[in-house]
file query_30.txt (compact mmCIF, C-alpha atoms)
# COMPACT_ATOMS: atom_id res chain seq x y z
CA MET A 1 -50.73 -119.69 1.33
CA PRO A 2 -47.85 -118.80 -1.05
CA ARG A 3 -45.52 -118.02 1.85
CA ASP A 4 -46.14 -121.47 3.37
CA TRP A 5 -45.30 -123.08 0.05
CA VAL A 6 -42.09 -121.06 -0.27
CA ALA A 7 -41.06 -121.97 3.29
CA SER A 8 -41.66 -125.69 2.71
CA ALA A 9 -39.75 -125.59 -0.60
CA GLN A 10 -36.80 -123.84 1.05
CA SER A 11 -36.70 -126.36 3.90
CA ALA A 12 -36.73 -129.22 1.37
CA LEU A 13 -33.87 -127.66 -0.59
CA GLU A 14 -31.76 -127.12 2.55
CA GLY A 15 -31.38 -130.86 2.98
CA THR A 16 -30.57 -131.50 -0.68
CA THR A 17 -26.98 -131.76 -1.87
CA LEU A 18 -26.61 -129.94 -5.18
CA GLY A 19 -23.83 -130.57 -7.66
CA PRO A 20 -22.28 -133.58 -9.40
CA ARG A 21 -22.52 -137.00 -7.77
CA ALA A 22 -20.29 -139.99 -8.53
CA GLU A 23 -21.94 -143.37 -8.82
CA HIS A 24 -20.81 -146.87 -9.82
CA ARG A 25 -22.98 -147.95 -12.73
CA GLY A 26 -23.04 -151.26 -14.55
CA ARG A 27 -25.21 -153.12 -17.03
CA VAL A 28 -27.11 -156.42 -16.89
CA GLU A 29 -25.72 -158.75 -19.57
CA GLU A 30 -27.73 -161.88 -18.73
CA ILE A 31 -30.54 -162.66 -16.30
CA GLY A 32 -32.22 -165.90 -15.29
CA ASP A 33 -33.03 -168.22 -12.36
CA GLY A 34 -32.32 -165.54 -9.76
CA VAL A 35 -28.80 -164.73 -11.02
CA ALA A 36 -27.70 -161.73 -13.11
CA MET A 37 -24.38 -161.45 -14.93
CA ILE A 38 -23.24 -157.81 -14.82
CA SER A 39 -20.53 -155.85 -16.61
CA GLY A 40 -19.04 -152.43 -15.92
CA LEU A 41 -18.76 -152.49 -12.11
CA ARG A 42 -15.01 -152.84 -11.62
CA ASP A 43 -14.79 -151.63 -8.00
CA VAL A 44 -17.44 -153.86 -6.44
CA ARG A 45 -16.55 -155.90 -3.32
CA LEU A 46 -17.53 -159.50 -2.62
CA ASP A 47 -21.04 -159.65 -1.07
CA GLU A 48 -21.65 -155.96 -1.82
CA VAL A 49 -25.30 -155.01 -2.24
CA LEU A 50 -26.18 -153.99 -5.80
CA ARG A 51 -29.30 -152.03 -6.67
CA PHE A 52 -31.11 -152.37 -9.99
CA ALA A 53 -32.87 -149.57 -11.84
CA GLY A 54 -36.26 -151.06 -10.97
CA GLY A 55 -35.53 -151.04 -7.23
CA GLN A 56 -34.60 -154.73 -6.86
CA THR A 57 -31.49 -155.68 -4.90
CA GLY A 58 -28.89 -158.40 -5.09
CA PHE A 59 -25.40 -159.14 -3.85
CA ALA A 60 -22.14 -159.77 -5.68
CA ARG A 61 -21.26 -163.45 -5.31
CA VAL A 62 -18.63 -163.99 -8.03
CA LEU A 63 -16.02 -161.44 -9.10
CA ASP A 64 -14.53 -162.29 -12.50
CA PRO A 65 -12.23 -159.92 -14.42
CA ASP A 66 -14.91 -159.01 -16.96
CA ARG A 67 -18.20 -159.91 -15.22
CA ILE A 68 -19.87 -160.04 -11.83
CA GLY A 69 -22.21 -162.82 -10.79
CA CYS A 70 -25.00 -161.13 -8.83
CA VAL A 71 -27.52 -163.19 -6.84
CA LEU A 72 -30.87 -161.41 -6.62
CA LEU A 73 -32.72 -161.00 -3.33
CA ASP A 74 -36.02 -160.14 -5.02
CA GLY A 75 -37.98 -161.57 -7.95
CA THR A 76 -36.36 -161.46 -11.39
CA THR A 77 -39.55 -160.76 -13.35
CA LYS A 78 -38.84 -157.03 -13.74
CA VAL A 79 -35.09 -157.26 -14.36
CA GLU A 80 -34.05 -157.42 -18.00
CA ALA A 81 -30.81 -157.52 -19.95
CA GLY A 82 -29.56 -154.00 -20.54
CA ASP A 83 -30.93 -152.59 -17.27
CA ALA A 84 -28.68 -150.31 -15.20
CA VAL A 85 -27.14 -151.63 -11.96
CA PHE A 86 -25.59 -149.48 -9.24
CA GLY A 87 -23.06 -150.37 -6.56
CA THR A 88 -23.97 -149.26 -3.03
CA GLY A 89 -20.64 -149.77 -1.28
CA GLU A 90 -22.38 -151.67 1.54
CA VAL A 91 -22.57 -155.34 2.47
CA ILE A 92 -25.85 -157.03 3.44
CA ASN A 93 -27.11 -155.87 6.84
CA VAL A 94 -30.09 -157.15 8.83
CA PRO A 95 -32.07 -155.48 11.64
CA VAL A 96 -31.37 -156.81 15.14
CA GLY A 97 -32.70 -156.18 18.63
CA GLU A 98 -35.70 -156.68 20.89
CA ALA A 99 -38.06 -155.33 18.23
CA LEU A 100 -37.73 -158.64 16.39
CA LEU A 101 -38.99 -160.72 19.33
CA GLY A 102 -42.38 -162.26 18.61
CA ARG A 103 -42.08 -161.50 14.89
CA ILE A 104 -41.99 -163.52 11.68
CA VAL A 105 -39.61 -161.95 9.16
CA ASP A 106 -37.72 -162.76 6.00
CA PRO A 107 -33.88 -162.88 5.99
CA LEU A 108 -33.70 -159.12 5.33
CA GLY A 109 -35.87 -158.36 8.36
CA ARG A 110 -38.98 -157.51 6.32
CA PRO A 111 -42.15 -158.50 8.20
CA LEU A 112 -44.20 -161.50 7.06
CA ASP A 113 -46.76 -161.45 9.89
CA GLY A 114 -48.74 -158.34 8.94
CA LYS A 115 -47.82 -156.52 12.16
CA GLY A 116 -46.18 -153.55 10.51
CA PRO A 117 -42.51 -152.67 9.99
CA VAL A 118 -39.77 -153.84 12.36
CA LEU A 119 -38.43 -150.83 14.29
CA ALA A 120 -34.97 -152.25 14.94
CA GLN A 121 -32.48 -150.62 17.30
CA SER A 122 -29.54 -151.32 15.02
CA HIS A 123 -28.29 -153.37 12.07
CA LEU A 124 -25.51 -155.96 11.80
CA PRO A 125 -23.83 -157.50 8.73
CA ILE A 126 -24.81 -161.10 8.04
CA GLU A 127 -21.14 -162.16 7.81
CA ARG A 128 -19.32 -161.62 11.11
CA PRO A 129 -16.11 -163.22 12.43
CA ALA A 130 -16.49 -165.99 14.98
CA PRO A 131 -15.23 -165.22 18.52
CA SER A 132 -11.58 -166.10 19.00
CA ILE A 133 -10.42 -168.83 21.38
CA ILE A 134 -9.35 -166.28 24.02
CA GLU A 135 -12.84 -164.71 23.95
CA ARG A 136 -14.55 -168.02 24.74
CA ASP A 137 -15.20 -169.76 28.03
CA LEU A 138 -15.84 -173.31 29.24
CA VAL A 139 -19.26 -174.78 28.46
CA THR A 140 -20.71 -175.53 31.89
CA GLU A 141 -24.44 -174.68 31.76
CA PRO A 142 -26.92 -177.16 30.26
CA VAL A 143 -29.68 -176.57 27.75
CA GLN A 144 -32.73 -178.50 28.93
CA THR A 145 -34.33 -179.88 25.76
CA GLY A 146 -37.48 -181.22 27.42
CA VAL A 147 -36.82 -184.66 25.89
CA VAL A 148 -35.65 -186.99 28.68
CA VAL A 149 -33.66 -189.40 26.50
CA VAL A 150 -31.81 -186.50 24.83
CA ASP A 151 -31.02 -184.77 28.13
CA THR A 152 -29.81 -188.10 29.56
CA LEU A 153 -27.67 -189.35 26.67
CA PHE A 154 -26.63 -186.17 24.82
CA ALA A 155 -26.05 -183.50 27.43
CA LEU A 156 -26.24 -180.27 25.46
CA GLY A 157 -24.40 -177.23 26.83
CA ARG A 158 -24.98 -173.55 26.23
CA GLY A 159 -22.60 -172.52 23.46
CA GLN A 160 -22.41 -175.91 21.73
CA ARG A 161 -23.48 -177.06 18.28
CA GLU A 162 -25.58 -180.24 18.15
CA LEU A 163 -26.51 -181.70 14.76
CA ILE A 164 -29.94 -183.30 14.32
CA VAL A 165 -29.62 -185.71 11.39
CA GLY A 166 -31.89 -188.35 9.90
CA ASP A 167 -33.99 -189.40 6.93
CA HIS A 168 -37.01 -187.54 5.60
CA SER A 169 -40.01 -187.49 7.99
CA THR A 170 -38.28 -189.01 11.01
CA GLY A 171 -39.08 -186.12 13.40
CA LYS A 172 -36.07 -183.83 13.06
CA THR A 173 -38.09 -180.60 12.96
CA THR A 174 -40.44 -181.88 15.67
CA LEU A 175 -37.48 -182.53 17.98
CA ALA A 176 -36.03 -179.07 17.30
CA ILE A 177 -39.40 -177.36 17.90
CA ASP A 178 -39.80 -179.34 21.16
CA VAL A 179 -36.43 -177.93 22.30
CA LEU A 180 -37.59 -174.38 21.50
CA ILE A 181 -40.89 -174.94 23.32
CA ALA A 182 -39.00 -176.27 26.36
CA GLN A 183 -37.31 -172.85 26.70
CA ALA A 184 -40.66 -171.15 27.42
CA ALA A 185 -39.79 -170.72 31.10
CA SER A 186 -36.03 -170.25 30.64
CA ASP A 187 -33.98 -167.13 29.93
CA MET A 188 -33.04 -168.21 26.39
CA ILE A 189 -34.03 -166.30 23.26
CA CYS A 190 -35.14 -168.72 20.52
CA ILE A 191 -34.56 -168.21 16.79
CA TYR A 192 -36.03 -170.59 14.21
CA VAL A 193 -34.65 -170.30 10.66
CA ALA A 194 -36.59 -172.10 7.91
CA VAL A 195 -34.57 -172.60 4.71
CA GLY A 196 -36.26 -174.00 1.62
CA GLN A 197 -39.17 -175.48 3.59
CA LYS A 198 -42.73 -175.83 2.33
CA THR A 199 -45.10 -173.14 3.54
CA SER A 200 -47.34 -175.72 5.22
CA SER A 201 -44.39 -177.14 7.20
CA VAL A 202 -43.33 -173.68 8.37
CA ARG A 203 -46.91 -172.84 9.30
CA ARG A 204 -47.15 -175.99 11.49
CA ALA A 205 -43.89 -175.13 13.25
CA ILE A 206 -45.02 -171.55 13.92
CA ASP A 207 -48.42 -172.75 15.19
CA ALA A 208 -46.70 -175.14 17.62
CA LEU A 209 -44.45 -172.36 18.92
CA GLN A 210 -47.36 -169.96 19.34
CA ARG A 211 -49.59 -172.54 21.01
CA HIS A 212 -47.13 -174.23 23.38
CA GLY A 213 -44.06 -171.99 23.63
CA ASN A 214 -43.29 -168.43 24.68
CA PHE A 215 -43.54 -166.84 21.24
CA ALA A 216 -42.85 -163.38 22.67
CA ARG A 217 -39.22 -164.53 23.14
CA CYS A 218 -38.93 -166.13 19.68
CA ILE A 219 -37.86 -164.88 16.26
CA VAL A 220 -38.88 -166.81 13.14
CA VAL A 221 -36.87 -166.22 9.94
CA VAL A 222 -38.52 -167.69 6.85
CA ALA A 223 -36.97 -168.20 3.40
CA GLY A 224 -39.41 -170.68 1.88
CA ALA A 225 -38.97 -172.97 -1.09
CA SER A 226 -40.74 -170.43 -3.32
CA GLU A 227 -38.40 -167.56 -2.39
CA ALA A 228 -35.44 -166.39 -4.46
CA PRO A 229 -32.31 -168.57 -4.06
CA GLY A 230 -30.43 -165.53 -2.76
CA LEU A 231 -32.83 -165.13 0.18
CA GLN A 232 -32.52 -168.83 1.01
CA TRP A 233 -28.72 -168.57 0.87
CA ILE A 234 -28.42 -165.64 3.29
CA ALA A 235 -31.11 -166.89 5.72
CA PRO A 236 -28.85 -168.87 8.13
CA TYR A 237 -26.32 -166.03 8.30
CA ALA A 238 -29.05 -163.45 8.90
CA GLY A 239 -30.55 -165.56 11.70
CA MET A 240 -27.11 -165.98 13.27
CA SER A 241 -26.52 -162.20 13.31
CA MET A 242 -29.92 -161.68 14.96
CA ALA A 243 -28.96 -164.25 17.63
CA GLU A 244 -25.49 -162.76 18.13
CA TYR A 245 -27.02 -159.46 19.17
CA PHE A 246 -28.42 -161.12 22.30
CA ARG A 247 -25.26 -163.18 22.92
CA ASP A 248 -23.08 -160.07 22.78
CA LYS A 249 -25.36 -158.39 25.35
CA GLY A 250 -24.63 -161.16 27.86
CA GLN A 251 -27.89 -163.02 27.20
CA HIS A 252 -28.42 -166.59 26.03
CA ALA A 253 -29.78 -167.59 22.62
CA LEU A 254 -30.71 -170.85 20.89
CA ILE A 255 -30.93 -171.05 17.09
CA VAL A 256 -32.33 -173.83 14.88
CA PHE A 257 -31.40 -174.13 11.18
CA ASP A 258 -34.05 -176.15 9.31
CA ASP A 259 -32.30 -177.37 7.31
CA LEU A 260 -28.72 -177.05 6.06
CA SER A 261 -29.09 -179.80 3.46
CA LYS A 262 -31.46 -177.55 1.51
CA HIS A 263 -29.08 -174.63 2.13
CA ALA A 264 -26.26 -176.65 0.57
CA ALA A 265 -28.47 -177.47 -2.41
CA THR A 266 -29.21 -173.75 -2.83
CA HIS A 267 -25.49 -173.00 -2.63
CA ARG A 268 -24.85 -175.59 -5.33
CA GLU A 269 -27.60 -174.10 -7.52
CA ILE A 270 -26.17 -170.58 -7.16
CA ALA A 271 -22.62 -171.80 -7.79
CA LEU A 272 -23.59 -173.58 -11.01
CA LEU A 273 -25.67 -170.63 -12.25
CA THR A 274 -22.75 -168.26 -11.61
CA ARG A 275 -20.44 -170.74 -13.42
CA GLN A 276 -18.20 -171.60 -10.51
CA SER A 277 -16.23 -174.77 -11.01
CA PRO A 278 -17.90 -177.73 -9.25
CA GLY A 279 -15.85 -179.82 -6.85
CA ARG A 280 -16.42 -183.15 -5.15
CA GLU A 281 -19.78 -184.77 -6.04
CA ALA A 282 -20.74 -181.72 -8.13
CA TYR A 283 -20.68 -179.45 -5.06
CA PRO A 284 -18.29 -176.52 -5.07
CA GLY A 285 -15.24 -177.05 -2.93
CA ASP A 286 -16.25 -174.28 -0.52
CA VAL A 287 -19.52 -175.88 0.65
CA PHE A 288 -17.72 -177.08 3.80
CA TYR A 289 -16.48 -173.56 4.47
CA ILE A 290 -19.91 -171.93 4.15
CA HIS A 291 -21.26 -174.10 6.98
CA ALA A 292 -18.07 -174.06 9.06
CA ARG A 293 -17.92 -170.27 9.18
CA LEU A 294 -21.62 -170.22 10.07
CA LEU A 295 -21.56 -172.71 12.94
CA GLU A 296 -18.25 -171.48 14.38
CA ARG A 297 -20.13 -168.34 15.44
CA ALA A 298 -22.00 -170.37 18.09
CA SER A 299 -20.06 -169.97 21.33
CA LYS A 300 -19.99 -169.40 25.08
CA LEU A 301 -18.31 -166.05 25.70
CA SER A 302 -15.98 -165.31 28.59
CA ASN A 303 -16.98 -163.04 31.48
CA ASP A 304 -14.86 -160.27 29.96
CA ARG A 305 -17.13 -160.40 26.88
CA GLY A 306 -20.33 -160.47 28.93
CA GLY A 307 -20.72 -164.22 29.49
CA GLY A 308 -23.45 -164.66 26.86
CA SER A 309 -23.95 -167.85 24.89
CA LEU A 310 -25.28 -168.91 21.50
CA THR A 311 -26.27 -172.54 21.01
CA ALA A 312 -26.91 -173.93 17.51
CA LEU A 313 -29.08 -176.86 16.47
CA PRO A 314 -28.50 -177.42 12.74
CA ILE A 315 -30.66 -180.00 10.98
CA ALA A 316 -29.47 -182.18 8.08
CA GLU A 317 -31.32 -184.75 6.01
CA THR A 318 -29.89 -188.12 4.97
CA VAL A 319 -31.02 -190.47 2.20
CA ALA A 320 -31.59 -194.09 3.27
CA GLY A 321 -29.66 -193.43 6.48
CA ASN A 322 -26.41 -192.68 4.63
CA LEU A 323 -24.42 -190.70 7.22
CA SER A 324 -21.28 -190.91 5.07
CA ALA A 325 -22.76 -188.68 2.33
CA TYR A 326 -20.98 -185.43 1.57
CA ILE A 327 -23.14 -182.87 3.41
CA PRO A 328 -23.89 -184.97 6.56
CA THR A 329 -20.16 -185.82 6.83
CA ASN A 330 -19.26 -182.14 6.60
CA LEU A 331 -21.73 -181.13 9.31
CA ILE A 332 -20.80 -184.04 11.59
CA SER A 333 -17.17 -182.90 11.51
CA ILE A 334 -18.14 -179.29 12.30
CA THR A 335 -20.56 -179.90 15.18
CA ASP A 336 -19.77 -180.96 18.75
CA GLY A 337 -22.22 -183.87 18.74
CA GLN A 338 -25.00 -185.46 16.74
CA ILE A 339 -28.51 -186.74 17.41
CA VAL A 340 -29.16 -189.39 14.76
CA LEU A 341 -32.78 -190.28 14.07
CA ASP A 342 -32.93 -193.76 12.54
CA ALA A 343 -35.84 -194.48 10.19
CA ALA A 344 -36.09 -198.17 11.16
CA LEU A 345 -36.27 -197.34 14.88
CA PHE A 346 -38.69 -194.51 14.12
CA HIS A 347 -41.11 -196.89 12.40
CA GLN A 348 -40.84 -199.22 15.41
CA GLY A 349 -42.19 -196.37 17.56
CA GLN A 350 -38.93 -195.38 19.26
call {"tool": "encode", "arguments": {"input": "query_30.txt", "output": "C-alpha cells"}}
result
Amino acid sequence: MPRDWVASAQSALEGTTLGPRAEHRGRVEEIGDGVAMISGLRDVRLDEVLRFAGGQTGFARVLDPDRIGCVLLDGTTKVEAGDAVFGTGEVINVPVGEALLGRIVDPLGRPLDGKGPVLAQSHLPIERPAPSIIERDLVTEPVQTGVVVVDTLFALGRGQRELIVGDHSTGKTTLAIDVLIAQAASDMICIYVAVGQKTSSVRRAIDALQRHGNFARCIVVVAGASEAPGLQWIAPYAGMSMAEYFRDKGQHALIVFDDLSKHAATHREIALLTRQSPGREAYPGDVFYIHARLLERASKLSNDRGGGSLTALPIAETVAGNLSAYIPTNLISITDGQIVLDAALFHQGQ
C-alpha cells in the first residue's frame, strides 16, 4: 500500500542525520605485503583503526610527519594505490564475555567454527594497562598442570607467567595443551592463542581440547601462518583482553600463547615493511617492550579488585638449544619461571 511505503520511508528518515559531515580522509601511496603507506591523515592516533574505501580495515602502526604506516587486518588484494582511507577515531576493540566460551574465533572475534556470529556482551581494547602493584595480591593458589614432574619441580601459581621453551618438535604445544586439558574439572577459563601456526597443528590442538578437555570453558583464538601479518600481531593482545574480562569479574583464567617466537618474527616483518630502524640482531629495539607489556597483564588481583587471576603460559622456540638467543633471553627475563624442554633428553624418551 502507498501509505505503508510512506510510513516506512518516514521512519527511515527519522533516524538519519542530514547535513554536512566531517571525515578524516587520506590516500594510499603504496601497498604491499600487508602494509599500506598513507598520506593525508594528519590527526590519526597510534593504533587507530583505519577503514579503506573497499571495506578493509587496518591500524596505524607508524606515525611519520608526512606518512602513516598502516598494517592491514584483511587481505590486500583489493587495496590499490590511490584508494581513499578514512580515520575512525577508535582503537582496535575485541568482543569479550561468556558468548566466546566454546568458540573458535580470529583475533577480531570473527567466528571460524561456522556456529554463527559471536553475540558478545561488551568489547575491550586490545591494549590495556597492566594492574598496578597495589592492585595485586600474593600468589598462593596453585595451577595443577596434570603433569606430575612439572607440578613437583615447577610449582605454578595462579597469576604467574611460566615460559615453555625448547627446540622445534620437543613437545612444547603438547605440554601446554595437557595443562589446558587438566583444567577440565577446575574453575579456570582456558584461552589458547595460536600465532603463525600451521592449520594442521592448530587443528590437532583443537581436536585434543574437544576430545579430552572441557571445550565449553575454552576460547581458541587463531591467527594462522596464512593470515595477514596484522592479525598475527594483534592476536596475543586480543586473547589477553578476552582473558582479562574473566579475571576482572573475580574468576580465574589461563592463557597459552603458541608461540611468541613467531609473534616476534611477525613484529620484525611489520617493522621492516614500515621502515622502522632495526635494532639489535635486526630486531627493532622495542621487541622486548611488546612482550613485556603483554605478559605484565597476567596477575593475581587483590580482594578489593575481586580476587581474580590470570595465568600466562607463553611458548618460545629455540634453535639448537640456544637459550641465550635474543627472543628467548627477553622472555626468560620477563617471566617468573621457565620450563626448558631439552632436545637430547627428549630423544632419550624423557
call {"tool": "atom_distance", "arguments": {"input": "query_30.txt", "atom1": "CA of Leu153 in chain A", "atom2": "CA of Glu141 in chain A"}}
result
15.9 Å
call {"tool": "atom_distance", "arguments": {"input": "query_30.txt", "atom1": "CA of Thr329 in chain A", "atom2": "CA of Arg268 in chain A"}}
result
16.6 Å
call {"tool": "atom_distance", "arguments": {"input": "query_30.txt", "atom1": "CA of Gly196 in chain A", "atom2": "CA of Leu119 in chain A"}}
result
26.5 Å
call {"tool": "closest_residue", "arguments": {"input": "query_30.txt", "among": "A:Ser277, A:Thr174, A:Ser302, A:Thr266", "to": "Asp248 in chain A", "atoms": "only C-alpha atoms"}}
result
A:Ser302
call {"tool": "residues_near_point", "arguments": {"input": "query_30.txt", "point": "(-36.4, -176.8, 11.4)", "cutoff": "9 Å", "atoms": "all atoms listed in the file", "output": "PyMOL selection string"}}
result
chain A and resi 172-177+192-195+197+202+205+256-259+313-315
call {"tool": "closest_residue", "arguments": {"input": "query_30.txt", "among": "A:Ser122, A:Ser241, A:Ser39, A:Thr170", "to": "His24 in chain A", "atoms": "only C-alpha atoms"}}
result
A:Ser39
call {"tool": "residues_near_point", "arguments": {"input": "query_30.txt", "point": "(-38.1, -188.8, 4.9)", "cutoff": "9 Å", "atoms": "all atoms listed in the file", "output": "list of chain:residue names"}}
result
A:Gly166, A:Asp167, A:His168, A:Ser169, A:Thr170, A:Gly171, A:Glu317, A:Thr318, A:Val319, A:Ala320, A:Ala343
call {"tool": "build_atoms", "arguments": {"input": "query_30.txt", "residues": "range 164-186 of chain A", "atoms": "N, CA, C and O atoms", "output": "compact mmCIF listing (two decimals), in the frame of the given file"}}
result
# COMPACT_ATOMS: atom_id res chain seq x y z
N ILE A 164 -28.81 -182.37 14.36
CA ILE A 164 -29.94 -183.30 14.32
C ILE A 164 -30.00 -183.83 12.90
O ILE A 164 -30.24 -183.07 11.95
N VAL A 165 -29.76 -185.13 12.72
CA VAL A 165 -29.62 -185.71 11.39
C VAL A 165 -30.46 -186.97 11.28
O VAL A 165 -30.58 -187.74 12.23
N GLY A 166 -31.07 -187.17 10.13
CA GLY A 166 -31.89 -188.35 9.90
C GLY A 166 -32.58 -188.27 8.55
O GLY A 166 -32.50 -187.27 7.84
N ASP A 167 -33.28 -189.35 8.21
CA ASP A 167 -33.99 -189.40 6.93
C ASP A 167 -35.19 -188.47 6.92
O ASP A 167 -35.57 -187.89 7.95
N HIS A 168 -35.81 -188.37 5.75
CA HIS A 168 -37.01 -187.54 5.60
C HIS A 168 -38.14 -188.07 6.48
O HIS A 168 -38.37 -189.27 6.57
N SER A 169 -38.83 -187.16 7.17
CA SER A 169 -40.01 -187.49 7.99
C SER A 169 -39.69 -188.46 9.11
O SER A 169 -40.40 -189.44 9.34
N THR A 170 -38.59 -188.21 9.82
CA THR A 170 -38.28 -189.01 11.01
C THR A 170 -38.37 -188.18 12.29
O THR A 170 -38.02 -188.66 13.36
N GLY A 171 -38.84 -186.92 12.20
CA GLY A 171 -39.08 -186.12 13.40
C GLY A 171 -38.00 -185.13 13.74
O GLY A 171 -37.91 -184.68 14.88
N LYS A 172 -37.16 -184.75 12.77
CA LYS A 172 -36.07 -183.83 13.06
C LYS A 172 -36.61 -182.45 13.46
O LYS A 172 -36.21 -181.88 14.48
N THR A 173 -37.52 -181.91 12.65
CA THR A 173 -38.09 -180.60 12.96
C THR A 173 -38.89 -180.65 14.25
O THR A 173 -38.84 -179.72 15.07
N THR A 174 -39.64 -181.73 14.44
CA THR A 174 -40.44 -181.88 15.67
C THR A 174 -39.55 -181.84 16.90
O THR A 174 -39.87 -181.17 17.90
N LEU A 175 -38.42 -182.54 16.85
CA LEU A 175 -37.48 -182.53 17.98
C LEU A 175 -36.95 -181.13 18.22
O LEU A 175 -36.90 -180.66 19.37
N ALA A 176 -36.57 -180.43 17.15
CA ALA A 176 -36.03 -179.07 17.30
C ALA A 176 -37.08 -178.12 17.86
O ALA A 176 -36.78 -177.29 18.74
N ILE A 177 -38.33 -178.22 17.39
CA ILE A 177 -39.40 -177.36 17.90
C ILE A 177 -39.68 -177.67 19.37
O ILE A 177 -39.95 -176.77 20.18
N ASP A 178 -39.61 -178.96 19.75
CA ASP A 178 -39.80 -179.34 21.16
C ASP A 178 -38.74 -178.67 22.04
O ASP A 178 -39.04 -178.23 23.16
N VAL A 179 -37.50 -178.58 21.54
CA VAL A 179 -36.43 -177.93 22.30
C VAL A 179 -36.75 -176.45 22.46
O VAL A 179 -36.57 -175.87 23.55
N LEU A 180 -37.24 -175.80 21.40
CA LEU A 180 -37.59 -174.38 21.50
C LEU A 180 -38.76 -174.17 22.47
O LEU A 180 -38.75 -173.22 23.26
N ILE A 181 -39.74 -175.06 22.42
CA ILE A 181 -40.89 -174.94 23.32
C ILE A 181 -40.45 -175.12 24.77
O ILE A 181 -40.96 -174.45 25.68
N ALA A 182 -39.47 -176.01 25.00
CA ALA A 182 -39.00 -176.27 26.36
C ALA A 182 -38.33 -175.06 26.99
O ALA A 182 -38.13 -175.02 28.21
N GLN A 183 -37.96 -174.06 26.17
CA GLN A 183 -37.31 -172.85 26.70
C GLN A 183 -38.33 -171.79 27.13
O GLN A 183 -37.94 -170.67 27.45
N ALA A 184 -39.62 -172.14 27.13
CA ALA A 184 -40.66 -171.15 27.42
C ALA A 184 -40.46 -170.49 28.78
O ALA A 184 -40.73 -169.30 28.96
N ALA A 185 -39.97 -171.26 29.75
CA ALA A 185 -39.79 -170.72 31.10
C ALA A 185 -38.33 -170.39 31.40
O ALA A 185 -38.00 -170.04 32.53
N SER A 186 -37.45 -170.52 30.41
CA SER A 186 -36.03 -170.25 30.64
C SER A 186 -35.70 -168.83 30.20
O SER A 186 -36.56 -168.08 29.75
